[in-house]
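To be precise, the following lines are coords.pdb, and they hold PDB, C-alpha atoms.
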ATOM      1  CA  MET P   1      48.546 -12.742  50.456
ATOM      2  CA  ILE P   2      51.130 -12.423  53.208
ATOM      3  CA  ASN P   3      53.922 -12.295  50.656
ATOM      4  CA  PHE P   4      52.019  -9.747  48.622
ATOM      5  CA  LEU P   5      51.603  -7.412  51.597
ATOM      6  CA  ALA P   6      55.085  -7.946  53.002
ATOM      7  CA  ASN P   7      56.344  -5.062  50.886
ATOM      8  CA  PRO P   8      55.830  -1.935  53.036
ATOM      9  CA  GLU P   9      55.096   0.421  50.130
ATOM     10  CA  ARG P  10      52.522  -1.967  48.739
ATOM     11  CA  PHE P  11      51.017  -2.502  52.171
ATOM     12  CA  THR P  12      50.443   1.237  52.589
ATOM     13  CA  ARG P  13      49.049   1.556  49.078
ATOM     14  CA  VAL P  14      46.563  -1.278  49.582
ATOM     15  CA  THR P  15      45.478  -0.516  53.156
ATOM     16  CA  ALA P  16      45.372   3.316  53.167
ATOM     17  CA  PRO P  17      42.080   3.473  51.200
ATOM     18  CA  LEU P  18      40.582   0.863  53.549
ATOM     19  CA  ARG P  19      41.207   2.904  56.689
ATOM     20  CA  PRO P  20      38.398   5.500  56.344
ATOM     21  CA  TRP P  21      35.954   2.693  55.568
ATOM     22  CA  LEU P  22      36.957   0.719  58.637
ATOM     23  CA  ALA P  23      36.686   3.857  60.776
ATOM     24  CA  GLY P  24      33.228   4.703  59.394
ATOM     25  CA  ILE P  25      31.822   1.174  59.572
ATOM     26  CA  GLY P  26      33.335   0.686  63.044
ATOM     27  CA  ALA P  27      31.811   3.923  64.349
ATOM     28  CA  ALA P  28      28.401   3.075  62.874
ATOM     29  CA  LEU P  29      28.484  -0.430  64.358
ATOM     30  CA  LEU P  30      29.542   1.011  67.723
ATOM     31  CA  ALA P  31      26.632   3.484  67.699
ATOM     32  CA  TRP P  32      24.200   0.700  66.792
ATOM     33  CA  GLY P  33      25.722  -1.625  69.379
ATOM     34  CA  LEU P  34      25.532   0.980  72.153
ATOM     35  CA  TYR P  35      21.886   1.596  71.254
ATOM     36  CA  LEU P  36      21.162  -2.135  71.504
ATOM     37  CA  CYS P  37      23.063  -2.333  74.823
ATOM     38  CA  PHE P  38      20.522  -0.054  76.437
ATOM     39  CA  ALA P  39      17.498  -1.221  74.448
ATOM     40  CA  SER P  40      17.984  -4.839  75.519
ATOM     41  CA  PRO P  41      16.047  -6.155  78.532
ATOM     42  CA  GLU P  42      17.431  -6.455  82.039
ATOM     43  CA  ASP P  43      18.545  -9.865  83.173
ATOM     44  CA  TYR P  44      16.051 -11.555  85.504
ATOM     45  CA  GLN P  45      18.856 -12.329  87.942
ATOM     46  CA  GLN P  46      21.582  -9.758  87.282
ATOM     47  CA  GLY P  47      19.327  -6.790  86.554
ATOM     48  CA  ASP P  48      21.022  -3.902  84.745
ATOM     49  CA  SER P  49      24.517  -5.087  85.649
ATOM     50  CA  VAL P  50      24.266  -7.530  82.731
ATOM     51  CA  ARG P  51      24.930  -4.569  80.406
ATOM     52  CA  ILE P  52      28.572  -4.700  81.468
ATOM     53  CA  MET P  53      28.743  -8.006  79.571
ATOM     54  CA  TYR P  54      28.322  -6.195  76.222
ATOM     55  CA  ILE P  55      31.647  -4.429  76.670
ATOM     56  CA  HIS P  56      33.460  -6.910  78.898
ATOM     57  CA  VAL P  57      33.130  -9.864  76.511
ATOM     58  CA  PRO P  58      34.248  -8.110  73.264
ATOM     59  CA  PHE P  59      37.399  -6.704  74.900
ATOM     60  CA  ALA P  60      38.139 -10.020  76.592
ATOM     61  CA  TYR P  61      37.935 -11.770  73.189
ATOM     62  CA  LEU P  62      40.114  -9.126  71.575
ATOM     63  CA  SER P  63      42.705  -9.237  74.340
ATOM     64  CA  MET P  64      43.311 -12.887  73.385
ATOM     65  CA  ALA P  65      42.832 -12.554  69.620
ATOM     66  CA  LEU P  66      45.297  -9.665  69.432
ATOM     67  CA  TYR P  67      47.844 -11.586  71.467
ATOM     68  CA  ALA P  68      47.482 -14.424  68.965
ATOM     69  CA  GLY P  69      48.145 -11.744  66.323
ATOM     70  CA  VAL P  70      51.308 -10.560  68.084
ATOM     71  CA  GLY P  71      52.417 -14.198  68.344
ATOM     72  CA  ALA P  72      51.669 -15.002  64.692
ATOM     73  CA  ALA P  73      53.374 -11.835  63.431
ATOM     74  CA  SER P  74      56.397 -12.511  65.646
ATOM     75  CA  PHE P  75      56.557 -16.063  64.280
ATOM     76  CA  PHE P  76      56.596 -14.794  60.693
ATOM     77  CA  GLY P  77      59.154 -12.207  61.655
ATOM     78  CA  LEU P  78      61.474 -14.708  63.338
ATOM     79  CA  ILE P  79      61.171 -17.537  60.797
ATOM     80  CA  PHE P  80      60.599 -15.845  57.438
ATOM     81  CA  ARG P  81      62.068 -12.424  58.218
ATOM     82  CA  HIS P  82      59.155 -10.612  56.647
ATOM     83  CA  ALA P  83      59.885  -6.898  56.612
ATOM     84  CA  LEU P  84      56.467  -6.024  57.968
ATOM     85  CA  ALA P  85      55.929  -8.812  60.476
ATOM     86  CA  ASP P  86      57.751  -7.141  63.337
ATOM     87  CA  ALA P  87      56.100  -3.805  62.543
ATOM     88  CA  ALA P  88      52.707  -5.532  62.766
ATOM     89  CA  ALA P  89      53.508  -7.252  66.084
ATOM     90  CA  LYS P  90      54.824  -3.993  67.531
ATOM     91  CA  ALA P  91      51.729  -2.117  66.309
ATOM     92  CA  ILE P  92      49.254  -4.641  67.726
ATOM     93  CA  ALA P  93      50.778  -5.094  71.204
ATOM     94  CA  PRO P  94      49.759  -1.762  72.825
ATOM     95  CA  VAL P  95      46.207  -2.115  71.468
ATOM     96  CA  GLY P  96      45.964  -5.585  72.985
ATOM     97  CA  ALA P  97      47.393  -4.361  76.275
ATOM     98  CA  VAL P  98      44.819  -1.545  76.542
ATOM     99  CA  PHE P  99      42.008  -3.990  75.736
ATOM    100  CA  THR P 100      43.271  -6.434  78.359
ATOM    101  CA  VAL P 101      43.143  -3.637  80.951
ATOM    102  CA  MET P 102      39.571  -2.876  79.839
ATOM    103  CA  ALA P 103      38.567  -6.533  80.155
ATOM    104  CA  LEU P 104      40.065  -6.676  83.659
ATOM    105  CA  VAL P 105      38.526  -3.366  84.805
ATOM    106  CA  THR P 106      35.041  -4.082  83.441
ATOM    107  CA  GLY P 107      35.255  -7.623  84.823
ATOM    108  CA  SER P 108      36.122  -6.262  88.224
ATOM    109  CA  LEU P 109      33.273  -3.738  88.049
ATOM    110  CA  TRP P 110      30.912  -6.568  87.158
ATOM    111  CA  GLY P 111      32.336  -8.932  89.752
ATOM    112  CA  LYS P 112      31.808  -6.593  92.686
ATOM    113  CA  PRO P 113      27.988  -6.424  92.510
ATOM    114  CA  MET P 114      27.544 -10.019  91.232
ATOM    115  CA  TRP P 115      30.150 -12.010  93.142
ATOM    116  CA  GLY P 116      30.727  -9.617  96.011
ATOM    117  CA  THR P 117      34.410  -9.160  95.196
ATOM    118  CA  TRP P 118      36.516  -6.975  92.895
ATOM    119  CA  TRP P 119      39.124  -9.657  92.387
ATOM    120  CA  GLN P 120      39.790 -13.305  92.992
ATOM    121  CA  TRP P 121      43.057 -15.127  92.396
ATOM    122  CA  ASP P 122      41.399 -17.860  90.401
ATOM    123  CA  GLY P 123      42.307 -19.486  87.076
ATOM    124  CA  ARG P 124      40.557 -17.101  84.691
ATOM    125  CA  MET P 125      41.468 -13.804  86.322
ATOM    126  CA  THR P 126      45.037 -14.770  87.112
ATOM    127  CA  SER P 127      45.690 -16.066  83.580
ATOM    128  CA  VAL P 128      44.317 -12.838  82.063
ATOM    129  CA  LEU P 129      46.563 -10.843  84.401
ATOM    130  CA  VAL P 130      49.483 -12.962  83.147
ATOM    131  CA  LEU P 131      48.382 -12.075  79.586
ATOM    132  CA  LEU P 132      48.671  -8.397  80.484
ATOM    133  CA  LEU P 133      52.145  -9.022  81.905
ATOM    134  CA  PHE P 134      53.204 -10.705  78.641
ATOM    135  CA  TYR P 135      51.941  -7.695  76.680
ATOM    136  CA  ILE P 136      53.822  -5.308  78.965
ATOM    137  CA  GLY P 137      56.920  -7.500  78.803
ATOM    138  CA  TYR P 138      56.799  -7.573  75.016
ATOM    139  CA  ILE P 139      56.417  -3.777  74.786
ATOM    140  CA  ALA P 140      59.166  -3.180  77.371
ATOM    141  CA  VAL P 141      61.681  -5.550  75.742
ATOM    142  CA  HIS P 142      60.998  -4.057  72.308
ATOM    143  CA  ALA P 143      61.475  -0.537  73.658
ATOM    144  CA  ALA P 144      64.554  -1.328  75.754
ATOM    145  CA  ILE P 145      66.774  -2.719  72.972
ATOM    146  CA  GLU P 146      68.010  -0.036  70.635
ATOM    147  CA  ASP P 147      68.980  -2.199  67.683
ATOM    148  CA  GLU P 148      65.681  -2.742  65.851
ATOM    149  CA  GLN P 149      66.453  -6.276  64.657
ATOM    150  CA  ARG P 150      67.708  -7.497  68.002
ATOM    151  CA  ALA P 151      64.699  -5.904  69.717
ATOM    152  CA  ALA P 152      62.349  -7.663  67.306
ATOM    153  CA  LYS P 153      64.073 -10.996  67.916
ATOM    154  CA  SER P 154      64.061 -10.853  71.721
ATOM    155  CA  ALA P 155      60.526  -9.466  71.988
ATOM    156  CA  GLY P 156      59.341 -11.972  69.364
ATOM    157  CA  ILE P 157      60.657 -14.927  71.350
ATOM    158  CA  LEU P 158      58.918 -13.585  74.457
ATOM    159  CA  ALA P 159      55.675 -13.224  72.463
ATOM    160  CA  LEU P 160      55.922 -16.856  71.310
ATOM    161  CA  VAL P 161      56.463 -18.093  74.871
ATOM    162  CA  GLY P 162      53.344 -16.193  75.955
ATOM    163  CA  LEU P 163      51.208 -18.060  73.417
ATOM    164  CA  ILE P 164      51.133 -20.976  75.872
ATOM    165  CA  ASN P 165      48.953 -18.764  78.060
ATOM    166  CA  LEU P 166      46.103 -18.490  75.503
ATOM    167  CA  PRO P 167      44.706 -22.052  75.869
ATOM    168  CA  ILE P 168      45.192 -21.698  79.620
ATOM    169  CA  ILE P 169      42.890 -18.639  79.598
ATOM    170  CA  LYS P 170      40.353 -20.346  77.352
ATOM    171  CA  PHE P 171      40.097 -23.536  79.386
ATOM    172  CA  SER P 172      40.774 -22.035  82.812
ATOM    173  CA  VAL P 173      37.032 -21.987  83.555
ATOM    174  CA  GLU P 174      36.849 -25.733  82.931
ATOM    175  CA  TRP P 175      40.096 -26.841  84.533
ATOM    176  CA  TRP P 176      39.797 -25.026  87.822
ATOM    177  CA  ASN P 177      37.080 -24.213  90.236
ATOM    178  CA  THR P 178      36.314 -20.590  89.557
ATOM    179  CA  LEU P 179      33.890 -17.766  90.163
ATOM    180  CA  HIS P 180      33.947 -16.999  86.452
ATOM    181  CA  GLN P 181      31.250 -18.647  84.395
ATOM    182  CA  GLY P 182      32.025 -21.146  81.639
ATOM    183  CA  ALA P 183      31.759 -20.492  77.910
ATOM    184  CA  SER P 184      28.247 -19.453  76.909
ATOM    185  CA  ILE P 185      28.637 -18.475  73.247
ATOM    186  CA  PHE P 186      31.244 -20.626  71.525
ATOM    187  CA  ARG P 187      30.038 -23.993  72.770
ATOM    188  CA  ALA P 188      29.583 -27.252  70.904
ATOM    189  CA  ASP P 189      25.845 -27.209  71.688
ATOM    190  CA  GLY P 190      25.282 -23.591  70.646
ATOM    191  CA  PRO P 191      24.984 -20.367  72.639
ATOM    192  CA  THR P 192      23.132 -20.411  75.926
ATOM    193  CA  ILE P 193      22.312 -16.688  75.936
ATOM    194  CA  ALA P 194      18.849 -15.398  75.005
ATOM    195  CA  PRO P 195      18.664 -13.838  71.491
ATOM    196  CA  ASP P 196      17.707 -10.440  73.017
ATOM    197  CA  MET P 197      21.113 -10.344  74.672
ATOM    198  CA  LEU P 198      23.048 -12.143  71.947
ATOM    199  CA  TRP P 199      22.328  -9.427  69.386
ATOM    200  CA  PRO P 200      23.805  -6.446  71.234
ATOM    201  CA  LEU P 201      26.747  -8.648  72.131
ATOM    202  CA  PHE P 202      27.379  -9.652  68.512
ATOM    203  CA  VAL P 203      27.095  -6.086  67.248
ATOM    204  CA  MET P 204      29.506  -4.886  69.944
ATOM    205  CA  ILE P 205      31.925  -7.696  69.092
ATOM    206  CA  ALA P 206      31.757  -6.708  65.400
ATOM    207  CA  ALA P 207      32.189  -2.989  66.215
ATOM    208  CA  THR P 208      35.221  -3.487  68.438
ATOM    209  CA  HIS P 209      36.854  -5.851  65.936
ATOM    210  CA  VAL P 210      36.403  -3.441  63.013
ATOM    211  CA  LEU P 211      37.621  -0.485  65.089
ATOM    212  CA  SER P 212      40.681  -2.361  66.276
ATOM    213  CA  ALA P 213      41.461  -3.411  62.690
ATOM    214  CA  TRP P 214      41.407   0.293  61.800
ATOM    215  CA  ILE P 215      43.589   1.314  64.747
ATOM    216  CA  ILE P 216      46.069  -1.464  63.958
ATOM    217  CA  LEU P 217      46.335  -0.479  60.275
ATOM    218  CA  VAL P 218      47.018   3.129  61.334
ATOM    219  CA  ARG P 219      49.677   1.927  63.788
ATOM    220  CA  ILE P 220      51.357  -0.391  61.271
ATOM    221  CA  ASP P 221      51.548   2.523  58.852
ATOM    222  CA  SER P 222      53.113   4.584  61.664
ATOM    223  CA  GLU P 223      55.781   1.885  62.049
ATOM    224  CA  ILE P 224      56.417   1.879  58.301
ATOM    225  CA  LEU P 225      56.808   5.674  58.407
ATOM    226  CA  ALA P 226      59.182   5.447  61.378
ATOM    227  CA  ARG P 227      61.397   2.995  59.482
ATOM    228  CA  LYS P 228      61.272   5.153  56.374
ATOM    229  CA  TYR P 229      62.288   8.147  58.501
ATOM    230  CA  ARG P 230      65.312   6.335  59.922
ATOM    231  CA  ALA P 231      66.362   5.102  56.463
ATOM    232  CA  LEU P 232      66.037   8.609  54.992
ATOM    233  CA  ARG P 233      67.978  10.186  57.843
ATOM    234  CA  ALA P 234      70.772   7.644  57.486
ATOM    235  CA  LYS P 235      70.913   8.310  53.742
ATOM    236  CA  LEU P 236      71.001  12.080  54.266
ATOM    237  CA  SER P 237      73.817  11.918  56.807
ATOM    238  CA  TYR P 238      75.962   9.886  54.401
ATOM    239  CA  ASN P 239      75.597  12.396  51.580
TER     240      ASN P 239
ATOM    241  CA  MET N   1      12.752   1.810  74.233
ATOM    242  CA  LEU N   2      16.062   2.835  75.761
ATOM    243  CA  ASP N   3      16.617   2.089  79.404
ATOM    244  CA  PHE N   4      19.084   4.414  81.119
ATOM    245  CA  ASP N   5      17.914   3.714  84.648
ATOM    246  CA  MET N   6      20.539   1.314  85.955
ATOM    247  CA  GLY N   7      18.998   1.188  89.418
ATOM    248  CA  LYS N   8      21.416   0.094  92.129
ATOM    249  CA  TYR N   9      24.018  -0.945  89.531
ATOM    250  CA  GLY N  10      24.446   2.582  88.123
ATOM    251  CA  VAL N  11      27.935   3.127  89.500
ATOM    252  CA  TYR N  12      29.246  -0.164  88.099
ATOM    253  CA  VAL N  13      27.589   0.072  84.691
ATOM    254  CA  TRP N  14      28.438   3.714  83.992
ATOM    255  CA  THR N  15      32.000   3.390  85.240
ATOM    256  CA  SER N  16      32.467   0.367  82.961
ATOM    257  CA  TYR N  17      31.130   2.186  79.905
ATOM    258  CA  GLY N  18      33.019   5.348  80.817
ATOM    259  CA  VAL N  19      36.374   3.594  81.225
ATOM    260  CA  THR N  20      35.843   1.643  78.005
ATOM    261  CA  LEU N  21      34.842   4.574  75.819
ATOM    262  CA  LEU N  22      37.576   6.811  77.259
ATOM    263  CA  GLY N  23      40.161   4.092  76.722
ATOM    264  CA  LEU N  24      39.025   3.500  73.158
ATOM    265  CA  ALA N  25      38.919   7.225  72.348
ATOM    266  CA  GLY N  26      42.351   7.709  73.926
ATOM    267  CA  LEU N  27      43.824   4.820  71.947
ATOM    268  CA  ILE N  28      42.403   6.203  68.690
ATOM    269  CA  ALA N  29      43.584   9.763  69.409
ATOM    270  CA  TRP N  30      47.075   8.568  70.402
ATOM    271  CA  SER N  31      47.413   6.363  67.285
ATOM    272  CA  LEU N  32      46.177   9.049  64.892
ATOM    273  CA  ARG N  33      48.399  11.754  66.430
ATOM    274  CA  ALA N  34      51.511   9.592  66.268
ATOM    275  CA  HIS N  35      50.684   8.707  62.669
ATOM    276  CA  ALA N  36      50.244  12.358  61.630
ATOM    277  CA  LYS N  37      53.480  13.326  63.390
ATOM    278  CA  ARG N  38      55.524  10.634  61.667
ATOM    279  CA  LYS N  39      53.995  11.455  58.307
ATOM    280  CA  ALA N  40      55.013  15.098  58.748
ATOM    281  CA  ALA N  41      58.540  14.114  59.855
ATOM    282  CA  VAL N  42      59.066  11.905  56.790
ATOM    283  CA  LYS N  43      57.754  14.643  54.518
ATOM    284  CA  ALA N  44      60.090  17.201  56.076
ATOM    285  CA  LEU N  45      63.077  14.922  55.471
ATOM    286  CA  GLN N  46      62.010  14.232  51.903
ATOM    287  CA  ASP N  47      61.663  17.965  51.265
ATOM    288  CA  ALA N  48      65.094  18.554  52.802
ATOM    289  CA  ALA N  49      66.577  15.815  50.608
ATOM    290  CA  GLU N  50      65.047  17.350  47.497
ATOM    291  CA  ALA N  51      66.254  20.815  48.436
ATOM    292  CA  GLY N  52      69.764  19.417  49.001
ATOM    293  CA  THR N  53      70.069  17.730  45.602
TER     294      THR N  53
END
Full structure transcribed into structure tokens:
Amino acid sequence: MINFLANPERFTRVTAPLRPWLAGIGAALLAWGLYLCFASPEDYQQGDSVRIMYIHVPFAYLSMALYAGVGAASFFGLIFRHALADAAAKAIAPVGAVFTVMALVTGSLWGKPMWGTWWQWDGRMTSVLVLLLFYIGYIAVHAAIEDEQRAAKSAGILALVGLINLPIIKFSVEWWNTLHQGASIFRADGPTIAPDMLWPLFVMIAATHVLSAWIILVRIDSEILARKYRALRAKLSYN
Amino acid sequence: MLDFDMGKYGVYVWTSYGVTLLGLAGLIAWSLRAHAKRKAAVKALQDAAEAGT
């Protein structure tokens, strides 16, 4: 599969027809999810502030999942020199960075009324801030080095180093004393959230994942086009 | 039944949803615009190459 799609032309041919579907399904899921967000009951303790969860959690998941994507693509790029791997990592990084900001901002807006503070330098929040710094570092290194291959190599190594941070984020709520709650969905003994609140959350998670898949495919195609442009220009200037 | 009365949490809930939807819309608009621009640039070069040969 990865080998099959590593050819840029083939990648565009296969994924271009998928893009409108992803956009449509993502938008429909988002509309349904937003409806459920406001149709679901208030929390008996948190009141209406619990509705922040439906957007905070999906973007927090994605901020980590997309970083894993940047790391995996960088790995393929560094080891197997797949033509598209670096383009994919470069396309995913800004999306992940924006989602990390959203997770931090919505978390802060939820923390203020519930915990009485916008921010706490504890394990979970600090490790997510470090995640954002890795994203920014990756984007900055990639942009700063002019030679595309050298940029991909340096930024890729940075991305791989940052992978260490992912298990730290995941287990930060267990390792350290923290304001942030522990896992309540992906637990060995099943979710601990009421079904009324699990549904809007699941639909929002699905919507944001489908939409980000769409955005990422568009961005990878942009990278392919940028490379094609440079190749064409080089060819024209030689003639 | 939709519940839009956020009570005392209105500021926090609506700011969260506002920031999120604006961010998402901005990301989509930025990605689509960049894509369209690059597509046009490649096409212009291809046309120039064809005209040159």
Distance limit 6 Å, atoms considered: all atoms listed in the file. Which chain N residues sit that close to chain P? Return them as number ranges by chain. N: 1-3, 6, 9, 12-13, 16, 35, 42
re atom CA of Tyr138 of chain P and atom CA of Ala155 of chain P: distance 5.2 Å
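Distance-wise, atom CA of Tyr61 of chain P and atom CA of Ser154 of chain P end up 26.2 Å apart.
In this model, the gap between atom CA of Ser74 of chain P and atom CA of Lys90 of chain P comes to 8.9 Å.
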From the options P:Arg19, P:Phe134, P:Asp43, P:Met64, which residue's atoms come nearest to Asp196 of chain P, counting all atoms listed in the file? P:Asp43
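Closest approach to Phe75 of chain P among P:Ile169, P:Ser184, P:Phe202, P:Gly156 is made by P:Gly156 (distances from all atoms listed in the file).
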Expanded to explicit residues, what is the PyMOL selection byres ((chain P and resi 163) around 10) for this file, as a VMD selection string? chain P and resid 64 67 to 72 131 134 158 to 162 164 to 168
